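Just entry_5.cif here, mmCIF, C-alpha atoms and all ligand atoms:
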```
data_input
#
loop_
_atom_site.label_atom_id
_atom_site.label_comp_id
_atom_site.auth_asym_id
_atom_site.auth_seq_id
_atom_site.Cartn_x
_atom_site.Cartn_y
_atom_site.Cartn_z
CA MET A 1 141.34 95.29 132.95
CA SER A 2 140.62 97.19 136.17
CA ASP A 3 137.12 96.89 137.62
CA ASP A 4 135.94 100.34 136.52
CA GLN A 5 136.97 99.64 132.90
CA LYS A 6 134.94 96.42 132.68
CA PRO A 7 131.50 96.70 130.98
CA PRO A 8 128.55 95.93 133.29
CA PRO A 9 126.22 92.94 132.98
CA GLY A 10 123.80 93.41 130.06
CA LEU A 11 126.22 95.17 127.69
CA ASP A 12 127.61 92.47 125.42
CA GLU A 13 129.12 94.42 122.51
CA LYS A 14 132.78 95.34 122.13
CA LEU A 15 133.13 98.66 123.96
CA SER A 16 135.93 101.04 124.90
CA TYR A 17 135.63 102.52 128.36
CA HIS A 18 134.30 106.10 128.40
CA THR A 19 133.25 106.95 131.96
CA SER A 20 131.85 105.34 135.12
CA GLY A 21 131.00 105.95 138.73
CA GLY A 22 129.52 104.58 141.93
CA LEU A 23 131.99 101.68 141.91
CA GLU A 24 131.63 100.89 145.60
CA VAL A 25 128.24 99.15 145.14
CA GLU A 26 127.24 96.04 143.16
CA TRP A 27 125.14 96.20 139.99
CA LEU A 28 121.44 95.49 140.65
CA PRO A 29 120.20 92.01 139.72
CA PRO A 30 118.75 91.59 136.20
CA LEU A 31 115.05 92.30 135.55
CA PRO A 32 112.82 91.71 132.49
CA ILE A 33 113.55 94.20 129.70
CA LYS A 34 111.03 96.78 128.42
CA TYR A 35 111.89 98.79 125.31
CA TYR A 36 111.83 102.61 125.15
CA THR A 37 113.14 105.31 122.83
CA VAL A 38 114.45 108.83 123.26
CA ALA A 39 115.20 111.24 120.38
CA HIS A 40 117.12 114.51 120.19
CA ILE A 41 117.54 117.18 117.54
CA VAL A 42 121.15 118.38 117.58
CA GLN A 43 122.17 121.28 115.32
CA ASN A 44 125.82 122.34 115.71
CA ASP A 45 125.97 123.62 119.26
CA LYS A 46 122.29 123.46 120.13
CA ILE A 47 120.00 120.67 121.29
CA LEU A 48 116.21 120.43 121.46
CA LEU A 49 114.93 119.02 124.75
CA GLY A 50 111.45 118.85 126.24
CA TYR A 51 110.22 119.74 129.68
CA LYS A 52 108.18 116.67 130.76
CA LYS A 53 104.83 117.89 132.03
CA ARG A 54 103.39 114.58 133.21
CA GLY A 55 104.11 110.88 133.80
CA PHE A 56 107.45 109.24 134.40
CA GLY A 57 110.23 111.81 134.75
CA GLN A 58 107.80 114.70 135.28
CA GLY A 59 109.61 118.00 135.89
CA LYS A 60 112.77 116.86 134.09
CA TYR A 61 114.16 117.93 130.72
CA ASN A 62 114.68 115.03 128.35
CA GLY A 63 114.69 114.02 124.73
CA PHE A 64 111.34 112.99 123.18
CA GLY A 65 110.28 109.36 123.40
CA GLY A 66 108.36 106.61 125.06
CA LYS A 67 107.45 102.96 124.97
CA VAL A 68 107.90 100.82 121.87
CA GLU A 69 104.42 99.44 121.09
CA PRO A 70 104.00 95.72 120.24
CA ASN A 71 103.53 96.18 116.48
CA GLU A 72 106.31 98.65 115.71
CA SER A 73 110.09 98.72 115.52
CA SER A 74 112.16 100.85 117.88
CA LEU A 75 112.87 103.34 115.05
CA GLN A 76 109.16 103.56 114.17
CA ALA A 77 108.38 104.23 117.84
CA ALA A 78 111.07 106.92 118.04
CA ILE A 79 109.72 108.72 114.93
CA ARG A 80 106.12 108.44 116.19
CA GLU A 81 106.93 109.72 119.69
CA LEU A 82 108.96 112.67 118.34
CA GLU A 83 105.99 113.67 116.19
CA GLU A 84 103.45 113.17 119.03
CA GLU A 85 105.49 115.05 121.62
CA ALA A 86 107.20 117.82 119.58
CA GLY A 87 105.17 118.00 116.35
CA ILE A 88 108.14 117.34 114.05
CA LYS A 89 109.46 114.58 111.76
CA ALA A 90 113.16 113.79 111.59
CA PRO A 91 115.50 111.28 109.87
CA LEU A 92 116.56 109.75 113.19
CA LYS A 93 119.83 107.85 113.49
CA HIS A 94 120.44 105.30 116.25
CA ILE A 95 123.47 106.24 118.33
CA GLY A 96 123.17 104.64 121.75
CA VAL A 97 121.61 102.22 124.17
CA LEU A 98 121.07 102.95 127.84
CA LEU A 99 120.07 100.22 130.26
CA PHE A 100 118.40 101.90 133.20
CA ILE A 101 117.36 100.09 136.38
CA VAL A 102 115.70 101.58 139.45
CA ASN A 103 116.28 99.68 142.69
CA GLY A 104 112.97 98.03 143.71
CA ALA A 105 111.35 98.40 140.25
CA ASP A 106 110.09 95.47 138.17
CA LYS A 107 111.85 96.11 134.85
CA THR A 108 115.01 97.16 133.08
CA PHE A 109 114.44 100.10 130.73
CA HIS A 110 116.25 99.39 127.45
CA ILE A 111 116.35 102.89 125.95
CA ASP A 112 117.35 103.24 122.29
CA ILE A 113 118.83 106.70 121.86
CA TYR A 114 118.42 108.55 118.55
CA TYR A 115 119.40 111.90 117.08
CA ALA A 116 118.97 113.91 113.92
CA GLU A 117 120.55 117.10 112.63
CA GLU A 118 117.51 118.14 110.59
CA PHE A 119 113.76 118.06 111.05
CA GLU A 120 110.59 118.98 109.20
CA GLY A 121 107.56 120.76 110.57
CA THR A 122 106.97 123.29 113.30
CA ILE A 123 108.13 122.52 116.83
CA THR A 124 104.92 122.36 118.85
CA GLU A 125 104.23 121.94 122.55
CA SER A 126 102.18 118.83 123.41
CA ASP A 127 100.26 117.64 126.50
CA GLU A 128 103.37 115.76 127.57
CA MET A 129 106.33 117.95 126.56
CA LYS A 130 107.30 121.61 126.25
CA PRO A 131 110.13 121.77 123.68
CA GLU A 132 113.00 124.21 124.23
CA TRP A 133 116.42 124.80 122.64
CA PHE A 134 119.56 124.75 124.76
CA SER A 135 123.21 125.45 124.04
CA LEU A 136 125.77 122.65 124.27
CA SER A 137 128.57 125.21 124.16
CA THR A 138 130.00 127.07 127.13
CA ASN A 139 130.27 130.39 125.25
CA ASP A 140 127.00 130.54 123.37
CA LYS A 141 126.57 133.18 120.68
CA ASP A 142 122.82 132.81 120.11
CA GLY A 143 121.80 133.73 123.67
CA LEU A 144 120.40 130.27 124.39
CA PRO A 145 120.44 128.92 127.95
CA PRO A 146 122.94 126.15 128.70
CA VAL A 147 121.72 122.52 128.90
CA PRO A 148 119.94 122.28 132.31
CA TRP A 149 121.93 119.31 133.65
CA ASP A 150 120.55 119.75 137.19
CA LYS A 151 116.98 119.28 135.86
CA MET A 152 117.82 116.18 133.79
CA TRP A 153 118.35 112.53 134.62
CA ASP A 154 121.64 112.15 136.44
CA THR A 155 124.37 110.68 134.21
CA ASP A 156 122.80 112.15 131.02
CA HIS A 157 125.82 114.50 130.98
CA CYS A 158 127.98 111.39 130.37
CA TRP A 159 126.49 110.81 126.90
CA ILE A 160 124.62 113.90 125.60
CA PRO A 161 127.93 115.41 124.32
CA LEU A 162 128.48 112.22 122.24
CA LEU A 163 125.38 113.10 120.15
CA ARG A 164 127.12 116.20 118.81
CA GLU A 165 130.21 114.12 117.98
CA GLY A 166 128.11 111.33 116.39
CA LYS A 167 129.94 108.70 118.49
CA PRO A 168 127.96 105.47 119.07
CA PHE A 169 127.86 104.40 122.71
CA ARG A 170 126.30 101.97 125.16
CA GLY A 171 125.70 102.50 128.85
CA ARG A 172 124.07 101.32 132.01
CA ALA A 173 122.81 103.39 134.92
CA ASP A 174 121.41 101.92 138.14
CA PHE A 175 119.48 104.27 140.43
CA ASP A 176 118.12 104.16 143.97
CA LYS A 177 114.84 105.82 144.81
CA GLY A 178 115.23 108.25 147.71
CA GLU A 179 112.59 109.02 150.32
CA SER A 180 110.90 111.96 148.58
CA GLY A 181 110.77 109.97 145.33
CA VAL A 182 113.99 111.45 143.96
CA PHE A 183 116.18 109.20 141.82
CA ILE A 184 119.77 108.90 143.04
CA PRO A 185 122.44 107.46 140.75
CA ARG A 186 123.93 104.33 142.30
CA ARG A 187 126.32 102.92 139.74
CA TRP A 188 126.88 103.79 136.06
CA TRP A 189 129.16 102.91 133.16
CA TYR A 190 129.40 104.22 129.60
CA GLY A 191 131.52 102.92 126.73
CA LEU A 192 132.06 103.78 123.08
CA LEU A 193 131.13 101.18 120.51
CA ASP A 194 134.27 99.89 118.75
CA GLU A 195 133.95 100.68 115.04
C1 LIG A 201 118.57 107.66 133.34
N1 LIG A 201 117.25 107.48 132.86
C2 LIG A 201 116.76 108.05 131.72
N2 LIG A 201 117.49 108.90 130.98
C3 LIG A 201 116.97 109.43 129.86
N3 LIG A 201 115.72 109.18 129.40
C4 LIG A 201 114.97 108.34 130.15
C5 LIG A 201 115.43 107.75 131.31
N4 LIG A 201 114.44 106.97 131.81
C6 LIG A 201 113.39 107.08 130.99
N5 LIG A 201 113.71 107.88 129.97
C7 LIG A 201 112.82 108.26 128.87
O1 LIG A 201 111.66 108.83 129.46
C8 LIG A 201 110.54 108.56 128.63
C9 LIG A 201 109.51 107.85 129.46
O2 LIG A 201 108.48 107.43 128.65
P1 LIG A 201 106.96 107.51 129.07
O3 LIG A 201 106.51 108.91 129.05
O4 LIG A 201 106.76 106.71 130.29
O5 LIG A 201 106.37 106.72 127.83
P2 LIG A 201 105.11 106.98 126.90
O6 LIG A 201 105.21 108.33 126.25
O7 LIG A 201 105.01 105.81 126.00
O8 LIG A 201 104.06 106.97 128.05
P3 LIG A 201 102.50 107.05 128.12
O9 LIG A 201 102.03 105.89 127.28
O10 LIG A 201 102.15 108.42 127.60
O11 LIG A 201 102.28 106.87 129.59
C10 LIG A 201 111.06 107.71 127.48
O12 LIG A 201 111.38 108.57 126.39
C11 LIG A 201 112.32 107.11 128.05
O13 LIG A 201 113.22 106.76 127.04
#
```
Let me see the file written as structure tokens.
Ligand SMILES: CNc1ncnc2c1ncn2[C@@H]1O[C@H](COP(=O)(O)OP(=O)(O)OP(=O)(O)O)[C@@H](O)[C@H]1O
Amino acid sequence: MSDDQKPPPGLDEKLSYHTSGGLEVEWLPPLPIKYYTVAHIVQNDKILLGYKKRGFGQGKYNGFGGKVEPNESSLQAAIRELEEEAGIKAPLKHIGVLLFIVNGADKTFHIDIYYAEEFEGTITESDEMKPEWFSLSTNDKDGLPPVPWDKMWDTDHCWIPLLREGKPFRGRADFDKGESGVFIPRRWWYGLLDE
């Protein structure tokens, strides 16, 4: 197996190589794991994302989510955060795991990634997130804007399309923090879970 095809440290399941980059640098050393969630509503060619108004990732578009609290499961946290941040309830399905490390930080983010094709309730802006629909298709018929990749976490484009296909995946993305506080992707790897 060539070096770019080999899963990174921390991903122990059987995976088929999907995509990778930044191969000229080493993976960052392991750090204690903290658990997070992120949830997306995907309906055919459209995806619901939120503009993060405050806190970590402010100014970026992302799915809805946050920290898993001590007395809840990851799925419970994902459902709770989706309701708190977007005002809706959805039958979330687990589809991915992203290990995310920032050079110089004190933890590894273990992010459980969820999606649903349906939801109940009225999509509502919260203190933290402004929800908006985007088109995953290049020739959109509904007049929706395309997914704003340049205002999202780098490497999200590697896995967001897998949500529409319902393909389980695992990934790791190591970032450096640039001078003005911008996050620069350093090394990343994504694989599909063997079924
Ligand atoms: C490449 N890197 C990344 N790609 C995609 N999503 C990422 C991410 N890095 C963090 N995320 C998500 O960003 C949210 C932060 O959560 P965050 O707002 O800090 O948590 P929570 O709502 O619990 O915070 P407060 O308690 O309100 O401070 C949370 O959904 C987490 O999964």
What are the centre and the three edge lengths of an axis-aligned box that wraps all atoms of ligand LIG 201 (chain A) in the file, given that 8 Å is added to every side, written as lines of an AutoDock Vina configuration file and rounded to one decimal in Å?
```
center_x = 110.3
center_y = 107.6
center_z = 129.7
size_x = 32.5
size_y = 19.6
size_z = 23.3
```
Polymer residues at most 8 Å from A:Leu11, only C-alpha atoms, same-chain spacing of 4 or more positions, as a count of residues only = 4
What does the distance from atom CA of A:Leu98 to atom C6 of ligand LIG 201 (chain A) come to in Å, to one decimal?
->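 Result for atom CA of A:Leu98 versus atom C6 of ligand LIG 201 (chain A): 9.3 Å, one decimal.
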Taking all atoms listed in the file into account, which of A:Trp153, A:Trp133, A:Tyr115, A:Tyr17 comes nearest ligand LIG 201 (chain A)?
->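 Checking each candidate against ligand LIG 201 (chain A), we get A:Trp153 as the closest.
When the distance limit is 9 Å and all atoms listed in the file are what count, the residues near A:Leu92, minus those fewer than 4 positions from it on the same chain, are Ala39, His40, Ile41, Leu75, Ala78, Ile79, Tyr114, Tyr115, Ala116, Glu117 and Glu118 of chain A.
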From A:Glu120, A:Asp4, A:Tyr35, A:Glu132, residue lying nearest A:Ser16 [all atoms listed in the file] =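 Of all the options, A:Asp4 lies closest to A:Ser16.
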Which chain A residues have any atom within 10 Å of an atom of ligand LIG 201 (chain A), and for each, what is the nearest pair of atoms with distance in Å to one decimal, counting only C-alpha atoms and all ligand atoms, rows sorted by chain and number, as a Markdown table?
```
| residue | atom | partner | partner_atom | distance |
| --- | --- | --- | --- | --- |
| A:Tyr35 | CA | A:LIG201 | O13 | 8.3 |
| A:Tyr36 | CA | A:LIG201 | O13 | 4.8 |
| A:Thr37 | CA | A:LIG201 | O13 | 4.5 |
| A:Val38 | CA | A:LIG201 | O12 | 4.4 |
| A:Ala39 | CA | A:LIG201 | O12 | 7.6 |
| A:Lys52 | CA | A:LIG201 | O3 | 8.1 |
| A:Lys53 | CA | A:LIG201 | O3 | 9.6 |
| A:Arg54 | CA | A:LIG201 | O3 | 7.7 |
| A:Gly55 | CA | A:LIG201 | O3 | 5.7 |
| A:Phe56 | CA | A:LIG201 | O4 | 4.9 |
| A:Gly57 | CA | A:LIG201 | O1 | 6.2 |
| A:Gln58 | CA | A:LIG201 | O3 | 8.6 |
| A:Lys60 | CA | A:LIG201 | O1 | 9.3 |
| A:Tyr61 | CA | A:LIG201 | N3 | 9.0 |
| A:Asn62 | CA | A:LIG201 | N3 | 6.0 |
| A:Gly63 | CA | A:LIG201 | O12 | 6.6 |
| A:Phe64 | CA | A:LIG201 | O12 | 5.5 |
| A:Gly65 | CA | A:LIG201 | O12 | 3.3 |
| A:Gly66 | CA | A:LIG201 | O5 | 3.4 |
| A:Lys67 | CA | A:LIG201 | O7 | 3.9 |
| A:Val68 | CA | A:LIG201 | O7 | 7.1 |
| A:Glu69 | CA | A:LIG201 | O7 | 8.1 |
| A:Ala77 | CA | A:LIG201 | O7 | 9.0 |
| A:Ala78 | CA | A:LIG201 | O12 | 8.5 |
| A:Glu81 | CA | A:LIG201 | O6 | 6.9 |
| A:Leu82 | CA | A:LIG201 | O12 | 9.4 |
| A:Glu84 | CA | A:LIG201 | O6 | 8.9 |
| A:Glu85 | CA | A:LIG201 | O6 | 8.2 |
| A:Val97 | CA | A:LIG201 | O13 | 10.0 |
| A:Leu98 | CA | A:LIG201 | N2 | 7.6 |
| A:Leu99 | CA | A:LIG201 | C1 | 8.2 |
| A:Phe100 | CA | A:LIG201 | N1 | 5.7 |
| A:Ile101 | CA | A:LIG201 | N1 | 8.2 |
| A:Val102 | CA | A:LIG201 | N1 | 9.0 |
| A:Thr108 | CA | A:LIG201 | N4 | 9.9 |
| A:Phe109 | CA | A:LIG201 | N4 | 7.0 |
| A:His110 | CA | A:LIG201 | O13 | 8.0 |
| A:Ile111 | CA | A:LIG201 | O13 | 5.1 |
| A:Asp112 | CA | A:LIG201 | O13 | 7.2 |
| A:Ile113 | CA | A:LIG201 | O13 | 7.6 |
| A:Asp127 | CA | A:LIG201 | O10 | 9.5 |
| A:Glu128 | CA | A:LIG201 | O10 | 7.4 |
| A:Met129 | CA | A:LIG201 | O3 | 9.4 |
| A:Met152 | CA | A:LIG201 | N2 | 7.8 |
| A:Trp153 | CA | A:LIG201 | C1 | 5.0 |
| A:Asp154 | CA | A:LIG201 | C1 | 6.3 |
| A:Thr155 | CA | A:LIG201 | C1 | 6.6 |
| A:Asp156 | CA | A:LIG201 | N2 | 6.2 |
| A:Ile160 | CA | A:LIG201 | C3 | 9.8 |
| A:Gly171 | CA | A:LIG201 | C1 | 9.9 |
| A:Arg172 | CA | A:LIG201 | C1 | 8.5 |
| A:Ala173 | CA | A:LIG201 | C1 | 6.2 |
| A:Asp174 | CA | A:LIG201 | C1 | 8.0 |
| A:Phe175 | CA | A:LIG201 | C1 | 7.9 |
| A:Phe183 | CA | A:LIG201 | C1 | 8.9 |
| A:Ile184 | CA | A:LIG201 | C1 | 9.9 |
| A:Pro185 | CA | A:LIG201 | C1 | 8.4 |
| A:Trp188 | CA | A:LIG201 | C1 | 9.6 |
```
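Interatomic distance, atom CA of A:Leu144 to atom CA of A:Asn44: 12.9 Å.
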Measure the distance from atom CA of A:Trp149 to atom CA of A:Tyr190 in Å and round it to one decimal.
->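 Computing the Euclidean distance for atom CA of A:Trp149 and atom CA of A:Tyr190 yields 17.3 Å.
Proximity ranking of A:Gln43, A:Ser20, A:Gln5, A:Asn103 relative to A:Lys177 places A:Asn103 first, based on only C-alpha atoms.
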From the set A:Trp189, A:Val182, A:Phe169, A:Thr19, which residue has the shortest atom-to-atom contact distance to A:Ile95, counting all atoms listed in the file?
-> A:Phe169
Between A:Gly50, A:Asp176, A:Leu15, A:Phe119, single out the one closest to A:Lys151, counting all atoms listed in the file.
->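 Smallest distance to A:Lys151 is found for A:Gly50.
Nearest residue to A:Gly96, choosing from A:Arg80, A:Lys34, A:Lys167, A:Lys130 and counting only C-alpha atoms: A:Lys167.
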